[in-house]
$ cat entry.pdb   # PDB, C-alpha atoms
ATOM      1  CA  MET A   1    -138.207  23.891  46.234  1.00  0.00           C
ATOM      2  CA  ALA A   2    -136.088  25.009  49.213  1.00  0.00           C
ATOM      3  CA  THR A   3    -132.901  23.814  47.524  1.00  0.00           C
ATOM      4  CA  ARG A   4    -133.645  25.797  44.374  1.00  0.00           C
ATOM      5  CA  GLY A   5    -134.291  28.938  46.416  1.00  0.00           C
ATOM      6  CA  SER A   6    -131.042  28.616  48.308  1.00  0.00           C
ATOM      7  CA  THR A   7    -129.146  28.004  45.044  1.00  0.00           C
ATOM      8  CA  LEU A   8    -130.586  31.180  43.599  1.00  0.00           C
ATOM      9  CA  SER A   9    -129.731  32.959  46.816  1.00  0.00           C
ATOM     10  CA  LEU A  10    -126.134  31.755  46.575  1.00  0.00           C
ATOM     11  CA  LYS A  11    -125.965  32.821  42.945  1.00  0.00           C
ATOM     12  CA  GLY A  12    -127.450  36.195  43.838  1.00  0.00           C
ATOM     13  CA  ARG A  13    -124.926  36.679  46.608  1.00  0.00           C
ATOM     14  CA  ALA A  14    -122.060  35.654  44.328  1.00  0.00           C
ATOM     15  CA  LEU A  15    -123.215  38.090  41.653  1.00  0.00           C
ATOM     16  CA  LYS A  16    -123.504  40.850  44.255  1.00  0.00           C
ATOM     17  CA  TYR A  17    -119.898  40.253  45.321  1.00  0.00           C
ATOM     18  CA  LEU A  18    -118.702  40.090  41.713  1.00  0.00           C
ATOM     19  CA  SER A  19    -120.534  43.293  40.792  1.00  0.00           C
ATOM     20  CA  ALA A  20    -118.553  45.184  43.442  1.00  0.00           C
ATOM     21  CA  ARG A  21    -115.140  43.870  42.322  1.00  0.00           C
ATOM     22  CA  GLU A  22    -113.461  40.786  40.917  1.00  0.00           C
ATOM     23  CA  HIS A  23    -113.173  37.897  43.379  1.00  0.00           C
ATOM     24  CA  SER A  24    -111.237  34.664  43.273  1.00  0.00           C
ATOM     25  CA  ARG A  25    -113.033  31.364  43.550  1.00  0.00           C
ATOM     26  CA  VAL A  26    -111.443  30.853  46.989  1.00  0.00           C
ATOM     27  CA  GLU A  27    -112.852  34.175  48.241  1.00  0.00           C
ATOM     28  CA  LEU A  28    -116.332  33.399  46.970  1.00  0.00           C
ATOM     29  CA  VAL A  29    -116.328  29.942  48.541  1.00  0.00           C
ATOM     30  CA  ARG A  30    -115.348  31.495  51.880  1.00  0.00           C
ATOM     31  CA  LYS A  31    -118.020  34.199  51.628  1.00  0.00           C
ATOM     32  CA  LEU A  32    -120.795  31.865  50.463  1.00  0.00           C
ATOM     33  CA  LYS A  33    -120.083  28.972  52.847  1.00  0.00           C
ATOM     34  CA  PRO A  34    -122.146  30.350  55.760  1.00  0.00           C
ATOM     35  CA  HIS A  35    -125.179  30.656  53.452  1.00  0.00           C
ATOM     36  CA  ALA A  36    -125.067  27.191  51.873  1.00  0.00           C
ATOM     37  CA  GLU A  37    -126.944  24.177  53.164  1.00  0.00           C
ATOM     38  CA  ASP A  38    -124.693  21.879  51.118  1.00  0.00           C
ATOM     39  CA  PRO A  39    -121.096  22.730  50.102  1.00  0.00           C
ATOM     40  CA  SER A  40    -121.653  21.143  46.683  1.00  0.00           C
ATOM     41  CA  GLU A  41    -124.196  23.912  45.990  1.00  0.00           C
ATOM     42  CA  ILE A  42    -121.388  26.462  46.082  1.00  0.00           C
ATOM     43  CA  ASP A  43    -119.338  24.511  43.551  1.00  0.00           C
ATOM     44  CA  ARG A  44    -122.313  24.228  41.188  1.00  0.00           C
ATOM     45  CA  VAL A  45    -123.009  27.958  41.400  1.00  0.00           C
ATOM     46  CA  LEU A  46    -119.360  28.919  40.886  1.00  0.00           C
ATOM     47  CA  ASP A  47    -118.958  26.426  38.005  1.00  0.00           C
ATOM     48  CA  ASP A  48    -121.971  28.060  36.349  1.00  0.00           C
ATOM     49  CA  LEU A  49    -120.541  31.550  36.849  1.00  0.00           C
ATOM     50  CA  GLU A  50    -117.185  30.446  35.400  1.00  0.00           C
ATOM     51  CA  SER A  51    -118.841  28.859  32.377  1.00  0.00           C
ATOM     52  CA  ARG A  52    -120.689  32.122  31.708  1.00  0.00           C
ATOM     53  CA  GLY A  53    -117.483  34.129  32.064  1.00  0.00           C
ATOM     54  CA  TRP A  54    -118.659  36.046  35.127  1.00  0.00           C
ATOM     55  CA  LEU A  55    -115.985  34.522  37.364  1.00  0.00           C
ATOM     56  CA  SER A  56    -112.473  34.623  35.933  1.00  0.00           C
ATOM     57  CA  ALA A  57    -109.113  33.918  37.561  1.00  0.00           C
ATOM     58  CA  GLU A  58    -107.327  35.974  34.889  1.00  0.00           C
ATOM     59  CA  ARG A  59    -109.522  39.022  35.491  1.00  0.00           C
ATOM     60  CA  PHE A  60    -109.041  38.638  39.236  1.00  0.00           C
ATOM     61  CA  VAL A  61    -105.243  38.630  38.801  1.00  0.00           C
ATOM     62  CA  GLU A  62    -105.412  41.728  36.581  1.00  0.00           C
ATOM     63  CA  SER A  63    -107.659  43.451  39.106  1.00  0.00           C
ATOM     64  CA  VAL A  64    -105.335  42.767  42.044  1.00  0.00           C
ATOM     65  CA  VAL A  65    -102.300  43.909  40.066  1.00  0.00           C
ATOM     66  CA  HIS A  66    -104.094  47.073  38.954  1.00  0.00           C
ATOM     67  CA  ARG A  67    -105.231  47.911  42.505  1.00  0.00           C
ATOM     68  CA  LYS A  68    -101.948  47.113  44.260  1.00  0.00           C
ATOM     69  CA  ALA A  69     -99.137  47.903  41.804  1.00  0.00           C
ATOM     70  CA  ALA A  70     -98.748  51.562  42.783  1.00  0.00           C
ATOM     71  CA  ARG A  71     -98.284  50.696  46.463  1.00  0.00           C
ATOM     72  CA  TYR A  72     -96.598  47.298  46.505  1.00  0.00           C
ATOM     73  CA  GLY A  73     -93.727  45.421  44.920  1.00  0.00           C
ATOM     74  CA  ALA A  74     -93.922  42.185  42.978  1.00  0.00           C
ATOM     75  CA  ALA A  75     -93.040  40.020  45.997  1.00  0.00           C
ATOM     76  CA  ARG A  76     -95.938  41.360  48.081  1.00  0.00           C
ATOM     77  CA  ILE A  77     -98.404  41.029  45.212  1.00  0.00           C
ATOM     78  CA  ARG A  78     -97.192  37.479  44.489  1.00  0.00           C
ATOM     79  CA  LEU A  79     -97.772  36.583  48.137  1.00  0.00           C
ATOM     80  CA  GLU A  80    -101.349  37.858  47.987  1.00  0.00           C
ATOM     81  CA  LEU A  81    -102.096  36.097  44.692  1.00  0.00           C
ATOM     82  CA  ASN A  82    -100.641  32.804  45.937  1.00  0.00           C
ATOM     83  CA  GLY A  83    -103.157  32.851  48.781  1.00  0.00           C
ATOM     84  CA  HIS A  84    -105.998  32.624  46.262  1.00  0.00           C
ATOM     85  CA  GLN A  85    -104.929  29.319  44.653  1.00  0.00           C
ATOM     86  CA  LEU A  86    -104.855  30.790  41.146  1.00  0.00           C
ATOM     87  CA  PRO A  87    -103.440  29.211  37.976  1.00  0.00           C
ATOM     88  CA  ASP A  88     -99.641  29.538  37.939  1.00  0.00           C
ATOM     89  CA  GLU A  89     -99.534  30.894  34.378  1.00  0.00           C
ATOM     90  CA  ALA A  90    -101.913  33.782  35.128  1.00  0.00           C
ATOM     91  CA  VAL A  91     -99.855  34.814  38.155  1.00  0.00           C
ATOM     92  CA  ARG A  92     -96.529  34.391  36.356  1.00  0.00           C
ATOM     93  CA  SER A  93     -97.516  36.531  33.363  1.00  0.00           C
ATOM     94  CA  ALA A  94     -98.902  39.312  35.557  1.00  0.00           C
ATOM     95  CA  LEU A  95     -95.782  39.390  37.728  1.00  0.00           C
ATOM     96  CA  SER A  96     -93.410  39.464  34.754  1.00  0.00           C
ATOM     97  CA  GLY A  97     -95.030  42.733  33.695  1.00  0.00           C
ATOM     98  CA  LEU A  98     -94.651  44.124  37.213  1.00  0.00           C
ATOM     99  CA  LYS A  99     -90.924  43.452  37.335  1.00  0.00           C
ATOM    100  CA  ASP A 100     -90.422  45.745  34.333  1.00  0.00           C
ATOM    101  CA  THR A 101     -91.822  48.710  36.269  1.00  0.00           C
ATOM    102  CA  GLU A 102     -90.606  47.809  39.761  1.00  0.00           C
ATOM    103  CA  LEU A 103     -87.970  50.557  39.939  1.00  0.00           C
ATOM    104  CA  GLN A 104     -90.300  53.311  38.736  1.00  0.00           C
ATOM    105  CA  ARG A 105     -93.091  52.240  41.093  1.00  0.00           C
ATOM    106  CA  ALA A 106     -90.706  52.080  44.067  1.00  0.00           C
ATOM    107  CA  GLN A 107     -89.322  55.530  43.228  1.00  0.00           C
ATOM    108  CA  ALA A 108     -92.806  57.028  43.006  1.00  0.00           C
ATOM    109  CA  LEU A 109     -93.802  55.501  46.334  1.00  0.00           C
ATOM    110  CA  TRP A 110     -90.549  56.609  47.969  1.00  0.00           C
ATOM    111  CA  LEU A 111     -90.976  60.161  46.632  1.00  0.00           C
ATOM    112  CA  ARG A 112     -94.516  60.396  48.007  1.00  0.00           C
ATOM    113  CA  ARG A 113     -93.422  59.089  51.401  1.00  0.00           C
ATOM    114  CA  TYR A 114     -89.979  60.644  51.897  1.00  0.00           C
ATOM    115  CA  GLY A 115     -88.991  62.816  48.945  1.00  0.00           C
ATOM    116  CA  GLN A 116     -85.330  63.217  49.877  1.00  0.00           C
ATOM    117  CA  VAL A 117     -82.253  61.065  50.293  1.00  0.00           C
ATOM    118  CA  ALA A 118     -81.666  59.992  53.900  1.00  0.00           C
ATOM    119  CA  GLU A 119     -78.959  61.913  55.716  1.00  0.00           C
ATOM    120  CA  THR A 120     -78.300  59.401  58.501  1.00  0.00           C
ATOM    121  CA  PRO A 121     -77.894  55.629  58.482  1.00  0.00           C
ATOM    122  CA  GLN A 122     -80.973  55.368  60.708  1.00  0.00           C
ATOM    123  CA  GLU A 123     -83.114  57.303  58.219  1.00  0.00           C
ATOM    124  CA  ARG A 124     -81.760  55.191  55.362  1.00  0.00           C
ATOM    125  CA  ALA A 125     -82.588  51.983  57.246  1.00  0.00           C
ATOM    126  CA  LYS A 126     -86.106  53.269  57.933  1.00  0.00           C
ATOM    127  CA  GLN A 127     -86.647  54.032  54.248  1.00  0.00           C
ATOM    128  CA  MET A 128     -85.278  50.638  53.252  1.00  0.00           C
ATOM    129  CA  ARG A 129     -87.535  48.824  55.746  1.00  0.00           C
ATOM    130  CA  PHE A 130     -90.536  50.724  54.406  1.00  0.00           C
ATOM    131  CA  LEU A 131     -89.860  49.636  50.815  1.00  0.00           C
ATOM    132  CA  ALA A 132     -88.968  46.079  51.864  1.00  0.00           C
ATOM    133  CA  GLY A 133     -92.235  45.819  53.766  1.00  0.00           C
ATOM    134  CA  ARG A 134     -94.030  46.819  50.596  1.00  0.00           C
ATOM    135  CA  GLY A 135     -92.448  43.896  48.737  1.00  0.00           C
ATOM    136  CA  PHE A 136     -89.795  45.566  46.596  1.00  0.00           C
ATOM    137  CA  SER A 137     -86.564  43.715  45.795  1.00  0.00           C
ATOM    138  CA  GLY A 138     -83.299  44.510  47.541  1.00  0.00           C
ATOM    139  CA  ASP A 139     -81.616  45.810  44.381  1.00  0.00           C
ATOM    140  CA  VAL A 140     -84.490  48.182  43.672  1.00  0.00           C
ATOM    141  CA  ILE A 141     -84.573  49.366  47.282  1.00  0.00           C
ATOM    142  CA  ARG A 142     -80.850  50.170  47.262  1.00  0.00           C
ATOM    143  CA  GLN A 143     -81.161  52.129  44.004  1.00  0.00           C
ATOM    144  CA  VAL A 144     -84.140  54.133  45.226  1.00  0.00           C
ATOM    145  CA  VAL A 145     -82.833  54.933  48.712  1.00  0.00           C
ATOM    146  CA  ARG A 146     -79.457  55.914  47.320  1.00  0.00           C
ATOM    147  CA  GLY A 147     -81.271  58.389  45.094  1.00  0.00           C
ATOM    148  CA  SER A 148     -78.895  57.695  42.219  1.00  0.00           C
ATOM    149  CA  SER A 149     -81.482  56.347  39.811  1.00  0.00           C
ATOM    150  CA  ASP A 150     -83.911  59.215  39.412  1.00  0.00           C
ATOM    151  CA  THR A 151     -83.474  59.295  35.659  1.00  0.00           C
ATOM    152  CA  GLU A 152     -81.380  56.255  34.861  1.00  0.00           C
ATOM    153  CA  ASP A 153     -82.656  52.688  34.657  1.00  0.00           C
ATOM    154  CA  PRO A 154     -80.068  49.939  34.242  1.00  0.00           C
ATOM    155  CA  ASN A 155     -82.649  47.817  32.400  1.00  0.00           C
ATOM    156  CA  GLU A 156     -82.880  50.404  29.618  1.00  0.00           C
ATOM    157  CA  ALA A 157     -79.156  50.441  28.778  1.00  0.00           C
TER     158      ALA A 157
END
$ encode --input "entry.pdb" --output "structure tokens"
Amino acid sequence: MATRGSTLSLKGRALKYLSAREHSRVELVRKLKPHAEDPSEIDRVLDDLESRGWLSAERFVESVVHRKAARYGAARIRLELNGHQLPDEAVRSALSGLKDTELQRAQALWLRRYGQVAETPQERAKQMRFLAGRGFSGDVIRQVVRGSSDTEDPNEA
């Protein structure tokens, strides 16, 4: 009877985490491990949640992209997703959509943070480091910091 109670407790905890936001399987294993008597219990619970559609790698990827896209570039988001051991196809398809909007997202972030073209090389370097730290590509960073692409997008030509 004790095993059944702890299994329900693990399932309850997993559902509590999933009700707050989407989680990857790796995250749930890490969060449930301290509460499990047997590690195989966690796998059984998570397999059950996946079979019922309550735990989904694809939804987790979409959730991360939705939460992070306005503040981070594709490289930074890819790095975070790779840490969750997700299916390659789910990550690849989500990131291909991000690359299409990378310039616009970087411009919006740059405008909120700085709003004007740098007047000195030091200011320009600071702006470039900021965008690079957020995971935007070098080409996008140069276009944004130069300020020459406010209305033009070379991908739309």
$ resolve_selection --input "entry.pdb" --expression "the PyMOL selection byres ((chain A and resi 139) around 12)" --output "number ranges by chain"
A: 99, 102-103, 106, 128, 131-132, 135-138, 140-146, 149, 153-154
$ atom_distance --input "entry.pdb" --atom1 "CA of Arg59 in chain A" --atom2 "CA of Ile42 in chain A"
20.3 Å
$ atom_distance --input "entry.pdb" --atom1 "CA of Gly115 in chain A" --atom2 "CA of Gln127 in chain A"
10.5 Å
$ resolve_selection --input "entry.pdb" --expression "the PyMOL selection byres ((chain A and resi 46) around 9)" --output "VMD selection string"
chain A and resid 11 14 25 28 to 29 41 to 45 47 to 51 55
$ atom_distance --input "entry.pdb" --atom1 "CA of Gln85 in chain A" --atom2 "CA of Ala57 in chain A"
9.4 Å
$ closest_residue --input "entry.pdb" --among "A:Arg21, A:Arg30, A:Arg52, A:Arg124" --to "Gly147 in chain A" --atoms "all atoms listed in the file"
A:Arg124
$ resolve_selection --input "entry.pdb" --expression "the PyMOL selection byres ((chain A and resi 75) around 9)" --output "ChimeraX atom specification"
/A:72-74,76-80,95,134-137
$ closest_residue --input "entry.pdb" --among "A:Glu22, A:Gly133, A:Arg71, A:Asp38" --to "Leu111 in chain A" --atoms "only C-alpha atoms"
A:Arg71
